[in-house]
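Heads up, input_12.pdb below (PDB, C-alpha atoms):
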```pdb
ATOM      1  CA  MET A1464      55.451  34.646   5.814
ATOM      2  CA  SER A1465      55.443  35.591   9.503
ATOM      3  CA  ILE A1466      58.686  36.299  11.353
ATOM      4  CA  VAL A1467      59.629  34.460  14.558
ATOM      5  CA  TYR A1468      61.693  36.337  17.159
ATOM      6  CA  TRP A1469      64.440  34.587  19.097
ATOM      7  CA  PRO A1470      63.652  34.953  22.861
ATOM      8  CA  TYR A1471      67.149  35.848  24.008
ATOM      9  CA  GLN A1472      66.079  36.239  27.637
ATOM     10  CA  THR A1473      64.752  32.669  27.799
ATOM     11  CA  LEU A1474      67.368  31.173  25.469
ATOM     12  CA  PRO A1475      70.439  33.391  26.000
ATOM     13  CA  ALA A1476      73.294  32.159  23.835
ATOM     14  CA  TYR A1477      76.624  32.595  25.600
ATOM     15  CA  ALA A1478      78.475  33.065  22.316
ATOM     16  CA  VAL A1479      77.529  34.515  18.949
ATOM     17  CA  ALA A1480      79.592  34.183  15.775
ATOM     18  CA  PRO A1481      78.396  36.527  13.011
ATOM     19  CA  ASN A1482      80.611  36.165   9.963
ATOM     20  CA  PRO A1483      80.059  37.713   6.521
ATOM     21  CA  SER A1484      80.447  35.405   3.532
ATOM     22  CA  ALA A1485      81.453  37.364   0.455
ATOM     23  CA  PHE A1486      80.354  36.404  -3.018
ATOM     24  CA  SER A1487      83.474  36.147  -5.164
ATOM     25  CA  ARG A1488      84.583  34.447  -8.358
ATOM     26  CA  GLY A1489      87.873  33.454  -9.878
ATOM     27  CA  GLY A1490      89.533  36.010 -12.173
ATOM     28  CA  GLY A1491      91.892  33.612 -13.876
ATOM     29  CA  ARG A1492      95.332  32.474 -12.784
ATOM     30  CA  SER A1493      98.395  34.669 -13.083
ATOM     31  CA  LEU A1494     101.682  33.570 -14.609
ATOM     32  CA  GLY A1495     102.767  32.592 -11.117
ATOM     33  CA  GLY A1496      99.802  30.239 -10.783
ATOM     34  CA  ILE A1497      97.879  32.354  -8.267
ATOM     35  CA  GLU A1498      94.172  32.828  -8.914
ATOM     36  CA  ARG A1499      92.928  36.374  -8.501
ATOM     37  CA  LYS A1500      89.603  36.640  -6.675
ATOM     38  CA  VAL A1501      87.153  39.334  -7.775
ATOM     39  CA  ARG A1502      84.441  40.563  -5.429
ATOM     40  CA  THR A1503      81.041  40.458  -7.117
ATOM     41  CA  ASP A1504      78.835  41.369  -4.151
ATOM     42  CA  ARG A1505      78.981  42.404  -0.507
ATOM     43  CA  GLY A1506      77.898  38.927   0.526
ATOM     44  CA  PHE A1507      75.618  37.697   3.307
ATOM     45  CA  TRP A1508      75.760  36.668   6.971
ATOM     46  CA  ASN A1509      76.460  33.247   8.438
ATOM     47  CA  ILE A1510      75.669  33.304  12.162
ATOM     48  CA  GLN A1511      76.005  30.738  14.931
ATOM     49  CA  LEU A1512      74.441  30.971  18.384
ATOM     50  CA  THR A1513      76.266  28.570  20.700
ATOM     51  CA  ASN A1514      76.157  27.359  24.313
ATOM     52  CA  ILE A1515      72.434  28.035  24.662
ATOM     53  CA  PRO A1516      71.085  26.649  27.957
ATOM     54  CA  VAL A1517      68.147  24.277  27.415
ATOM     55  CA  ALA A1518      67.959  22.731  30.874
ATOM     56  CA  SER A1519      64.693  24.046  32.297
ATOM     57  CA  LYS A1520      61.232  22.966  31.186
ATOM     58  CA  GLU A1521      60.510  26.497  29.938
ATOM     59  CA  GLN A1522      63.691  26.542  27.853
ATOM     60  CA  ARG A1523      63.033  23.136  26.311
ATOM     61  CA  ARG A1524      59.440  23.975  25.453
ATOM     62  CA  THR A1525      60.502  27.322  23.985
ATOM     63  CA  TRP A1526      63.161  25.618  21.857
ATOM     64  CA  SER A1527      60.598  23.111  20.563
ATOM     65  CA  ALA A1528      58.045  25.845  19.879
ATOM     66  CA  ILE A1529      60.544  27.833  17.792
ATOM     67  CA  ARG A1530      61.519  24.721  15.851
ATOM     68  CA  THR A1531      57.879  23.944  15.124
ATOM     69  CA  ALA A1532      57.084  27.538  14.129
ATOM     70  CA  LEU A1533      59.982  27.656  11.669
ATOM     71  CA  GLY A1534      59.242  24.304  10.075
ATOM     72  CA  GLY A1535      62.789  23.929   8.800
ATOM     73  CA  ALA A1536      65.041  26.194   6.746
ATOM     74  CA  ALA A1537      62.164  27.935   4.969
ATOM     75  CA  GLY A1538      61.049  29.778   8.110
ATOM     76  CA  LEU A1539      62.100  33.333   8.984
ATOM     77  CA  ILE A1540      63.508  34.301  12.364
ATOM     78  CA  ALA A1541      65.053  37.502  13.709
ATOM     79  CA  ILE A1542      67.978  36.672  15.980
ATOM     80  CA  PRO A1543      70.025  38.896  18.328
ATOM     81  CA  VAL A1544      73.606  39.577  17.227
ATOM     82  CA  TRP A1545      75.053  41.485  20.163
ATOM     83  CA  SER A1546      78.605  42.779  20.169
ATOM     84  CA  TYR A1547      79.240  44.074  23.671
ATOM     85  CA  GLY A1548      83.004  43.961  23.213
ATOM     86  CA  SER A1549      83.012  46.312  20.215
ATOM     87  CA  ALA A1550      79.826  48.348  20.679
ATOM     88  CA  PRO A1551      80.559  52.100  20.950
ATOM     89  CA  TYR A1552      79.365  52.658  24.523
ATOM     90  CA  VAL A1553      80.149  56.171  25.768
ATOM     91  CA  SER A1554      81.893  54.753  28.841
ATOM     92  CA  GLY A1555      83.845  52.190  26.840
ATOM     93  CA  GLU A1556      82.220  49.416  28.878
ATOM     94  CA  ARG A1557      78.944  47.545  28.435
ATOM     95  CA  GLU A1558      76.023  49.679  29.591
ATOM     96  CA  PRO A1559      72.506  48.456  30.447
ATOM     97  CA  ILE A1560      69.351  49.289  28.537
ATOM     98  CA  ILE A1561      67.780  52.481  29.890
ATOM     99  CA  VAL A1562      64.187  52.158  31.145
ATOM    100  CA  THR A1563      62.194  55.394  31.176
ATOM    101  CA  PRO A1564      58.571  56.268  32.129
ATOM    102  CA  HIS A1565      56.049  58.465  30.286
ATOM    103  CA  ASP A1566      56.542  62.219  30.336
ATOM    104  CA  ASP A1567      54.241  62.320  33.392
ATOM    105  CA  ASP A1568      56.424  59.736  35.186
ATOM    106  CA  THR A1569      53.813  56.953  34.836
ATOM    107  CA  LEU A1570      54.691  53.477  33.636
ATOM    108  CA  LEU A1571      53.068  51.159  31.103
ATOM    109  CA  ASP A1572      50.003  49.119  32.130
ATOM    110  CA  ASP A1573      52.173  46.149  33.097
ATOM    111  CA  GLY A1574      54.287  48.299  35.417
ATOM    112  CA  THR A1575      57.285  48.499  33.101
ATOM    113  CA  GLY A1576      58.798  51.491  31.354
ATOM    114  CA  TYR A1577      60.014  52.173  27.844
ATOM    115  CA  GLU A1578      63.302  50.517  26.956
ATOM    116  CA  GLN A1579      65.891  52.756  25.362
ATOM    117  CA  GLY A1580      69.322  51.703  24.202
ATOM    118  CA  ALA A1581      72.392  53.196  25.842
ATOM    119  CA  ILE A1582      73.823  53.906  22.369
ATOM    120  CA  SER A1583      72.185  56.358  19.977
ATOM    121  CA  ILE A1584      73.354  56.601  16.362
ATOM    122  CA  THR A1585      71.240  57.868  13.464
ATOM    123  CA  MET A1586      71.497  58.025   9.694
ATOM    124  CA  ALA A1587      73.030  61.354   8.668
ATOM    125  CA  GLU A1588      71.990  60.774   5.061
ATOM    126  CA  ALA A1589      69.300  58.592   3.505
ATOM    127  CA  VAL A1590      70.586  55.509   1.669
ATOM    128  CA  ALA A1591      69.037  53.373  -1.051
ATOM    129  CA  ILE A1592      69.067  49.620  -1.614
ATOM    130  CA  GLY A1593      72.493  48.425  -2.728
ATOM    131  CA  ALA A1594      74.512  51.211  -1.088
ATOM    132  CA  THR A1595      77.888  50.144   0.320
ATOM    133  CA  VAL A1596      78.818  53.396   2.092
ATOM    134  CA  VAL A1597      76.777  55.193   4.764
ATOM    135  CA  LYS A1598      76.959  58.404   6.794
ATOM    136  CA  LEU A1599      76.284  57.847  10.504
ATOM    137  CA  ARG A1600      75.643  60.577  13.081
ATOM    138  CA  ILE A1601      76.682  60.132  16.697
ATOM    139  CA  VAL A1602      73.996  61.219  19.165
ATOM    140  CA  ASN A1603      75.166  59.289  22.217
ATOM    141  CA  ALA A1604      78.103  56.990  21.576
ATOM    142  CA  MET A1605      81.862  56.732  21.782
ATOM    143  CA  PRO A1606      83.400  58.915  19.030
ATOM    144  CA  ASP A1607      84.639  55.956  16.994
ATOM    145  CA  LEU A1608      82.319  54.111  14.599
ATOM    146  CA  VAL A1609      84.924  51.881  12.939
ATOM    147  CA  GLY A1610      84.259  48.142  13.137
ATOM    148  CA  ILE A1611      80.870  48.334  14.859
ATOM    149  CA  ARG A1612      77.636  46.484  14.088
ATOM    150  CA  PHE A1613      74.158  47.935  13.811
ATOM    151  CA  SER A1614      70.815  46.883  12.400
ATOM    152  CA  TYR A1615      67.726  48.492  10.940
ATOM    153  CA  ASN A1616      64.489  46.519  10.606
ATOM    154  CA  HIS A1617      66.470  43.295  11.228
ATOM    155  CA  ALA A1618      69.011  43.969   8.465
ATOM    156  CA  LEU A1619      72.467  43.631  10.032
ATOM    157  CA  TYR A1620      75.522  45.658   8.988
ATOM    158  CA  GLU A1621      79.176  45.982   9.990
ATOM    159  CA  THR A1622      81.281  49.072   9.378
ATOM    160  CA  GLY A1623      84.801  49.335   7.978
ATOM    161  CA  PRO A1624      87.509  52.038   8.197
ATOM    162  CA  ALA A1625      86.161  55.601   8.053
ATOM    163  CA  SER A1626      86.789  57.534   4.836
ATOM    164  CA  ASP A1627      85.719  60.844   6.382
ATOM    165  CA  VAL A1628      84.877  62.245   9.806
ATOM    166  CA  THR A1629      83.228  65.664   9.917
ATOM    167  CA  GLY A1630      82.077  66.681  13.350
ATOM    168  CA  ASP A1631      79.752  63.969  14.627
ATOM    169  CA  VAL A1632      79.202  62.427  11.161
ATOM    170  CA  TRP A1633      81.222  59.373  10.142
ATOM    171  CA  THR A1634      81.377  58.116   6.554
ATOM    172  CA  VAL A1635      82.081  54.373   6.566
ATOM    173  CA  PRO A1636      81.818  51.400   4.199
ATOM    174  CA  ILE A1637      79.527  48.581   5.304
ATOM    175  CA  VAL A1638      79.062  44.857   4.835
ATOM    176  CA  PRO A1639      76.754  43.671   3.390
ATOM    177  CA  GLN A1640      75.186  46.176   0.997
ATOM    178  CA  ILE A1641      72.034  47.986   2.164
ATOM    179  CA  ARG A1642      69.116  45.524   2.122
ATOM    180  CA  ALA A1643      66.293  48.088   2.196
ATOM    181  CA  ALA A1644      66.268  51.877   2.058
ATOM    182  CA  ILE A1645      67.026  53.680   5.332
ATOM    183  CA  PRO A1646      65.667  57.225   5.717
ATOM    184  CA  LEU A1647      67.487  60.291   6.966
ATOM    185  CA  GLY A1648      67.410  60.471  10.759
ATOM    186  CA  ALA A1649      66.523  56.797  11.256
ATOM    187  CA  GLU A1650      67.534  55.481  14.684
ATOM    188  CA  LEU A1651      69.850  52.479  14.320
ATOM    189  CA  GLU A1652      69.925  49.522  16.707
ATOM    190  CA  CYS A1653      73.404  49.266  18.208
ATOM    191  CA  ASP A1654      72.794  47.849  21.705
ATOM    192  CA  MET A1655      71.169  44.631  20.476
ATOM    193  CA  PRO A1656      71.427  44.412  16.670
ATOM    194  CA  THR A1657      69.310  41.744  15.003
ATOM    195  CA  CYS A1658      69.496  39.840  11.748
ATOM    196  CA  LEU A1659      66.735  38.199   9.732
ATOM    197  CA  VAL A1660      67.801  34.646   8.963
ATOM    198  CA  HIS A1661      66.841  31.110   7.993
ATOM    199  CA  LEU A1662      68.079  27.978   9.730
ATOM    200  CA  ALA A1663      71.232  26.821   7.954
ATOM    201  CA  ASP A1664      69.409  23.580   7.092
ATOM    202  CA  ASP A1665      66.229  21.727   8.023
ATOM    203  CA  LYS A1666      67.928  19.890  10.915
ATOM    204  CA  ALA A1667      69.759  22.883  12.425
ATOM    205  CA  MET A1668      67.632  22.801  15.596
ATOM    206  CA  ASP A1669      67.936  19.065  16.215
ATOM    207  CA  ILE A1670      68.915  18.556  19.832
ATOM    208  CA  ASP A1671      69.233  15.841  22.473
ATOM    209  CA  PHE A1672      67.256  16.925  25.527
ATOM    210  CA  ASP A1673      69.328  14.994  28.060
ATOM    211  CA  VAL A1674      68.619  15.044  31.793
ATOM    212  CA  SER A1675      71.606  17.246  32.656
ATOM    213  CA  GLU A1676      70.913  20.582  34.310
ATOM    214  CA  PHE A1677      73.738  21.924  32.143
ATOM    215  CA  ALA A1678      72.250  20.823  28.805
ATOM    216  CA  GLN A1679      73.094  23.220  25.976
ATOM    217  CA  GLY A1680      72.310  23.645  22.307
ATOM    218  CA  SER A1681      73.743  25.495  19.316
ATOM    219  CA  VAL A1682      72.142  26.702  16.097
ATOM    220  CA  SER A1683      73.534  27.831  12.742
ATOM    221  CA  PHE A1684      71.744  30.373  10.578
ATOM    222  CA  VAL A1685      72.165  32.003   7.175
ATOM    223  CA  GLU A1686      70.900  35.485   6.324
ATOM    224  CA  ALA A1687      67.508  35.561   4.594
ATOM    225  CA  VAL A1688      68.789  37.307   1.463
ATOM    226  CA  ASP A1689      65.767  35.982  -0.444
ATOM    227  CA  TYR A1690      63.462  38.012   1.820
ATOM    228  CA  TRP A1691      65.255  41.254   0.971
ATOM    229  CA  SER A1692      65.319  40.395  -2.741
ATOM    230  CA  ASP A1693      61.574  39.735  -2.745
ATOM    231  CA  LEU A1694      60.946  42.945  -0.818
ATOM    232  CA  ALA A1695      62.972  44.966  -3.314
ATOM    233  CA  VAL A1696      60.880  43.832  -6.292
ATOM    234  CA  ALA A1697      57.511  43.857  -4.527
ATOM    235  CA  PRO A1698      54.964  46.207  -6.198
TER     236      PRO A1698
END
```

So, in terms of C-alpha coordinates, how does the structure I just supplied come out?
Amino acid sequence: MSIVYWPYQTLPAYAVAPNPSAFSRGGGRSLGGIERKVRTDRGFWNIQLTNIPVASKEQRRTWSAIRTALGGAAGLIAIPVWSYGSAPYVSGEREPIIVTPHDDDTLLDDGTGYEQGAISITMAEAVAIGATVVKLRIVNAMPDLVGIRFSYNHALYETGPASDVTGDVWTVPIVPQIRAAIPLGAELECDMPTCLVHLADDKAMDIDFDVSEFAQGSVSFVEAVDYWSDLAVAP
(Lines of atoms letter the chains of each structure in order from A and count residues from 1; the text may use other names and numbers.)
(Lines give C-alpha, C1' and ligand atoms only; values in the text may rest on other atoms or scores of the structure.)
Protein backbone atom coordinates (compact mmCIF):
# COMPACT_ATOMS: atom_id res chain seq x y z
CA MET A 1 0.00 0.00 0.00
CA SER A 2 1.38 3.43 -0.93
CA ILE A 3 1.99 6.08 1.72
CA VAL A 4 0.46 9.57 1.48
CA TYR A 5 2.43 12.49 2.95
CA TRP A 6 0.67 15.29 4.79
CA PRO A 7 1.56 18.61 3.03
CA TYR A 8 2.24 20.65 6.15
CA GLN A 9 3.16 23.76 4.15
CA THR A 10 -0.21 23.83 2.39
CA LEU A 11 -2.22 22.51 5.35
CA PRO A 12 -0.27 23.73 8.40
CA ALA A 13 -2.02 22.61 11.57
CA TYR A 14 -1.70 25.24 14.29
CA ALA A 15 -1.81 22.61 17.04
CA VAL A 16 -0.69 19.00 17.27
CA ALA A 17 -1.60 16.62 20.09
CA PRO A 18 0.50 13.43 20.03
CA ASN A 19 -0.44 11.21 22.95
CA PRO A 20 0.73 7.64 23.59
CA SER A 21 -1.94 5.11 24.51
CA ALA A 22 -0.47 2.31 26.58
CA PHE A 23 -1.73 -1.24 26.40
CA SER A 24 -2.55 -2.34 29.93
CA ARG A 25 -4.72 -4.91 31.67
CA GLY A 26 -6.20 -5.30 35.10
CA GLY A 27 -4.11 -7.22 37.66
CA GLY A 28 -6.91 -7.94 40.07
CA ARG A 29 -8.24 -5.79 42.89
CA SER A 30 -6.40 -5.36 46.17
CA LEU A 31 -7.99 -5.76 49.58
CA GLY A 32 -8.64 -2.03 49.51
CA GLY A 33 -10.64 -2.38 46.29
CA ILE A 34 -8.06 -0.73 44.02
CA GLU A 35 -7.31 -2.48 40.74
CA ARG A 36 -3.64 -2.76 39.89
CA LYS A 37 -2.83 -2.02 36.25
CA VAL A 38 -0.07 -4.02 34.58
CA ARG A 39 1.69 -2.69 31.49
CA THR A 40 1.71 -5.29 28.72
CA ASP A 41 3.18 -3.19 25.90
CA ARG A 42 4.63 0.23 25.15
CA GLY A 43 1.42 1.19 23.38
CA PHE A 44 0.76 3.28 20.27
CA TRP A 45 0.17 6.90 19.24
CA ASN A 46 -3.10 8.79 19.06
CA ILE A 47 -2.52 12.10 17.26
CA GLN A 48 -4.76 15.06 16.48
CA LEU A 49 -3.96 17.87 14.04
CA THR A 50 -6.23 20.82 14.82
CA ASN A 51 -6.98 24.33 13.54
CA ILE A 52 -5.91 23.51 9.99
CA PRO A 53 -6.76 26.37 7.60
CA VAL A 54 -8.88 25.19 4.66
CA ALA A 55 -9.97 28.57 3.31
CA SER A 56 -8.19 28.85 -0.03
CA LYS A 57 -9.05 26.86 -3.15
CA GLU A 58 -5.65 25.16 -3.03
CA GLN A 59 -6.16 24.10 0.59
CA ARG A 60 -9.65 22.74 -0.04
CA ARG A 61 -8.57 20.79 -3.11
CA THR A 62 -5.54 19.42 -1.26
CA TRP A 63 -7.74 18.32 1.66
CA SER A 64 -10.12 16.55 -0.74
CA ALA A 65 -7.26 14.91 -2.62
CA ILE A 66 -5.79 13.49 0.60
CA ARG A 67 -9.19 12.20 1.67
CA THR A 68 -9.69 10.50 -1.68
CA ALA A 69 -6.18 9.01 -1.70
CA LEU A 70 -6.64 7.51 1.77
CA GLY A 71 -10.07 6.07 1.09
CA GLY A 72 -10.94 5.93 4.77
CA ALA A 73 -9.17 4.44 7.78
CA ALA A 74 -7.38 1.75 5.77
CA GLY A 75 -5.08 4.25 4.06
CA LEU A 76 -1.56 5.09 5.26
CA ILE A 77 -0.33 8.63 5.77
CA ALA A 78 2.84 10.09 7.27
CA ILE A 79 2.01 13.18 9.30
CA PRO A 80 4.29 15.83 10.87
CA VAL A 81 4.49 15.77 14.67
CA TRP A 82 6.58 18.83 15.46
CA SER A 83 7.52 19.76 19.00
CA TYR A 84 9.16 23.17 18.78
CA GLY A 85 8.63 23.85 22.48
CA SER A 86 10.59 20.80 23.63
CA ALA A 87 12.96 20.12 20.73
CA PRO A 88 16.63 20.27 21.83
CA TYR A 89 17.73 23.27 19.76
CA VAL A 90 21.27 24.38 20.60
CA SER A 91 20.07 27.95 21.21
CA GLY A 92 17.11 26.84 23.30
CA GLU A 93 14.77 28.54 20.83
CA ARG A 94 13.19 27.32 17.60
CA GLU A 95 15.72 27.37 14.77
CA PRO A 96 14.95 27.26 11.03
CA ILE A 97 15.85 24.44 8.67
CA ILE A 98 19.32 24.99 7.20
CA VAL A 99 19.50 25.16 3.39
CA THR A 100 22.89 24.32 1.90
CA PRO A 101 24.22 24.09 -1.70
CA HIS A 102 26.41 21.40 -3.30
CA ASP A 103 30.08 21.27 -2.37
CA ASP A 104 30.77 23.49 -5.40
CA ASP A 105 28.22 26.06 -4.16
CA THR A 106 25.68 25.21 -6.90
CA LEU A 107 22.02 24.62 -6.17
CA LEU A 108 19.58 21.94 -7.30
CA ASP A 109 17.99 22.19 -10.76
CA ASP A 110 14.96 24.01 -9.35
CA GLY A 111 17.16 26.65 -7.72
CA THR A 112 16.79 25.31 -4.19
CA GLY A 113 19.39 23.83 -1.88
CA TYR A 114 19.52 20.79 0.36
CA GLU A 115 17.46 21.05 3.52
CA GLN A 116 19.23 20.10 6.72
CA GLY A 117 17.72 20.10 10.18
CA ALA A 118 19.09 22.43 12.82
CA ILE A 119 19.24 19.49 15.25
CA SER A 120 21.53 16.51 14.68
CA ILE A 121 21.23 13.40 16.85
CA THR A 122 22.34 9.91 15.81
CA MET A 123 22.01 6.38 17.14
CA ALA A 124 25.03 5.56 19.31
CA GLU A 125 24.12 1.88 19.27
CA ALA A 126 22.04 -0.21 16.87
CA VAL A 127 18.65 -1.31 18.22
CA ALA A 128 16.36 -4.17 17.24
CA ILE A 129 12.59 -4.37 16.95
CA GLY A 130 10.94 -4.32 20.37
CA ALA A 131 13.69 -2.40 22.18
CA THR A 132 12.48 0.02 24.86
CA VAL A 133 15.82 1.70 25.66
CA VAL A 134 18.11 3.48 23.19
CA LYS A 135 21.51 5.19 23.20
CA LEU A 136 21.47 8.57 21.44
CA ARG A 137 24.54 10.60 20.45
CA ILE A 138 24.43 14.39 20.37
CA VAL A 139 26.06 15.85 17.25
CA ASN A 140 24.41 19.27 17.26
CA ALA A 141 21.78 19.72 19.94
CA MET A 142 21.18 21.05 23.42
CA PRO A 143 22.86 18.69 25.94
CA ASP A 144 19.57 17.37 27.32
CA LEU A 145 17.69 14.57 25.55
CA VAL A 146 15.03 13.95 28.21
CA GLY A 147 11.43 14.27 27.05
CA ILE A 148 12.15 14.89 23.36
CA ARG A 149 10.54 13.37 20.27
CA PHE A 150 12.28 11.96 17.23
CA SER A 151 11.39 9.72 14.31
CA TYR A 152 13.11 7.28 11.99
CA ASN A 153 11.43 6.19 8.76
CA HIS A 154 8.13 7.64 10.05
CA ALA A 155 8.22 5.70 13.33
CA LEU A 156 7.74 8.24 16.13
CA TYR A 157 9.32 7.97 19.59
CA GLU A 158 9.41 9.96 22.83
CA THR A 159 12.18 9.73 25.39
CA GLY A 160 11.93 9.41 29.17
CA PRO A 161 14.37 10.18 32.03
CA ALA A 162 18.00 9.34 31.24
CA SER A 163 19.46 6.29 32.99
CA ASP A 164 23.02 7.16 31.96
CA VAL A 165 24.90 10.05 30.37
CA THR A 166 28.45 9.38 29.21
CA GLY A 167 29.98 12.22 27.27
CA ASP A 168 27.68 12.99 24.36
CA VAL A 169 25.79 9.66 24.62
CA TRP A 170 22.46 9.55 26.43
CA THR A 171 20.77 6.29 27.43
CA VAL A 172 17.01 6.83 27.62
CA PRO A 173 13.81 4.76 27.66
CA ILE A 174 11.38 5.38 24.81
CA VAL A 175 7.69 5.12 24.03
CA PRO A 176 6.57 3.17 22.09
CA GLN A 177 8.90 0.22 21.59
CA ILE A 178 11.14 0.24 18.50
CA ARG A 179 8.98 -0.44 15.42
CA ALA A 180 11.80 -1.42 13.04
CA ALA A 181 15.53 -1.89 13.54
CA ILE A 182 17.63 1.29 13.57
CA PRO A 183 21.31 0.95 12.62
CA LEU A 184 24.31 2.41 14.39
CA GLY A 185 24.95 5.98 13.27
CA ALA A 186 21.47 6.51 11.81
CA GLU A 187 20.48 10.19 11.64
CA LEU A 188 17.25 10.78 13.56
CA GLU A 189 14.61 13.33 12.59
CA CYS A 190 14.20 15.81 15.44
CA ASP A 191 13.27 19.08 13.69
CA MET A 192 10.10 17.71 12.08
CA PRO A 193 9.41 14.18 13.37
CA THR A 194 6.77 12.20 11.49
CA CYS A 195 4.49 9.33 12.34
CA LEU A 196 2.89 6.74 10.08
CA VAL A 197 -0.82 6.63 10.86
CA HIS A 198 -4.33 5.73 9.77
CA LEU A 199 -7.34 8.02 10.05
CA ALA A 200 -9.00 7.36 13.41
CA ASP A 201 -12.13 6.28 11.50
CA ASP A 202 -13.54 6.39 7.98
CA LYS A 203 -15.17 9.80 8.55
CA ALA A 204 -12.21 11.52 10.24
CA MET A 205 -11.71 13.92 7.31
CA ASP A 206 -15.35 14.92 6.95
CA ILE A 207 -15.52 18.70 6.80
CA ASP A 208 -17.91 21.54 6.01
CA PHE A 209 -16.29 23.77 3.41
CA ASP A 210 -18.09 26.96 4.42
CA VAL A 211 -17.52 30.30 2.70
CA SER A 212 -15.53 31.81 5.57
CA GLU A 213 -11.97 32.89 4.87
CA PHE A 214 -11.18 31.54 8.34
CA ALA A 215 -12.52 28.02 7.73
CA GLN A 216 -10.58 25.37 9.63
CA GLY A 217 -10.52 21.61 9.98
CA SER A 218 -9.19 19.02 12.42
CA VAL A 219 -8.23 15.38 11.96
CA SER A 220 -7.65 12.50 14.37
CA PHE A 221 -5.23 9.70 13.60
CA VAL A 222 -4.06 6.44 15.17
CA GLU A 223 -0.60 4.95 14.65
CA ALA A 224 -0.41 2.30 11.93
CA VAL A 225 0.82 -0.45 14.25
CA ASP A 226 -0.43 -3.04 11.75
CA TYR A 227 2.07 -1.74 9.17
CA TRP A 228 5.00 -2.30 11.53
CA SER A 229 3.70 -5.74 12.53
CA ASP A 230 3.41 -6.79 8.88
CA LEU A 231 6.87 -5.42 8.15
CA ALA A 232 8.37 -7.37 11.04
CA VAL A 233 7.10 -10.73 9.75
CA ALA A 234 7.66 -10.04 6.05
CA PRO A 235 10.03 -12.58 4.40

Problem set entry | Atom-to-atom span, CA of Tyr1690 (chain A) and CA of Arg1530 (chain A), Å | 19.4 Å

Exercise. Which polymer residues have any atom within 9 Å of an atom of region 1470-1473 of chain A, counting only C-alpha atoms, with same-chain residues fewer than 6 positions away left out, as a list in words?
Worked result: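 Surrounding residues, per the criterion: Pro1516, Glu1521, Gln1522, Thr1525, Ile1542 and Pro1543 of chain A.
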
For this session: Step by step, work through what the PyMOL selection byres ((chain A and resi 1613) around 9) selects in the shown file, and finish by giving those residues as JSON, numbers by chain.
Result: {"A": [1550, 1611, 1612, 1614, 1615, 1618, 1619, 1620, 1621, 1622, 1651, 1652, 1653, 1654, 1655, 1656, 1657]}

Exercise. Expressed in Å to a single decimal, how great is the separation between CA of Ala1480 (chain A) and CA of Leu1694 (chain A)?
Worked result: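 A separation of 26.5 Å between them.
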
For this session: Please indicate the distance in Å from CA of Val1635 (chain A) to CA of Ile1582 (chain A), rounded to one decimal place.
Result: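 Value for the CA of Val1635 (chain A)-CA of Ile1582 (chain A) distance: 17.8 Å.
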
For this session: Specify as a list in words each residue included when the PyMOL selection byres ((chain A and resi 1468) around 7) is applied to this file.
Result: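 Against this file, the PyMOL selection byres ((chain A and resi 1468) around 7) returns the residues Ile1466, Val1467, Trp1469, Pro1470, Ile1540, Ala1541 and Ile1542 of chain A.
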
Exercise. Which residue out of A:Ala1649, A:Ala1587, A:Val1674, A:Leu1512 has the minimum interatomic distance to Asp1631 (chain A) when all atoms listed in the file are used?
Worked result: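 Looking at the shortest contact to Asp1631 (chain A), the residue is A:Ala1587.
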
Exercise. Looking at A:Pro1551, A:Pro1698, A:Pro1624, A:Gly1506, which one is nearest to Pro1639 (chain A), with distances taken over all atoms listed in the file?
Worked result: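 The shortest atom-to-atom distance to Pro1639 (chain A) comes from A:Gly1506.
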
For this session: To verify the selection step, state as a list of chain:residue names which residues the PyMOL selection byres ((chain A and resi 1645) around 7) yields on this input.
Result: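 Evaluating the PyMOL selection byres ((chain A and resi 1645) around 7) on these coordinates yields A:Ala1589, A:Val1590, A:Ala1591, A:Ala1643, A:Ala1644, A:Pro1646, A:Leu1647, A:Ala1649.
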
Exercise. Counting all atoms listed in the file, which of A:Ala1695, A:Ala1604, A:Ile1529, A:Leu1662 gets nearest to Ile1592 (chain A)?
Worked result: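 With all atoms listed in the file as the atom set, the closest residue is A:Ala1695.
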
For this session: Identify which of the residues A:Val1688, A:Lys1666, A:Phe1507, A:Val1660 lies closest to Gly1538 (chain A), counting all atoms listed in the file when measuring atom-to-atom distances.
Result: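 Once distances to Gly1538 (chain A) are computed over all atoms listed in the file, the minimum belongs to A:Val1660.
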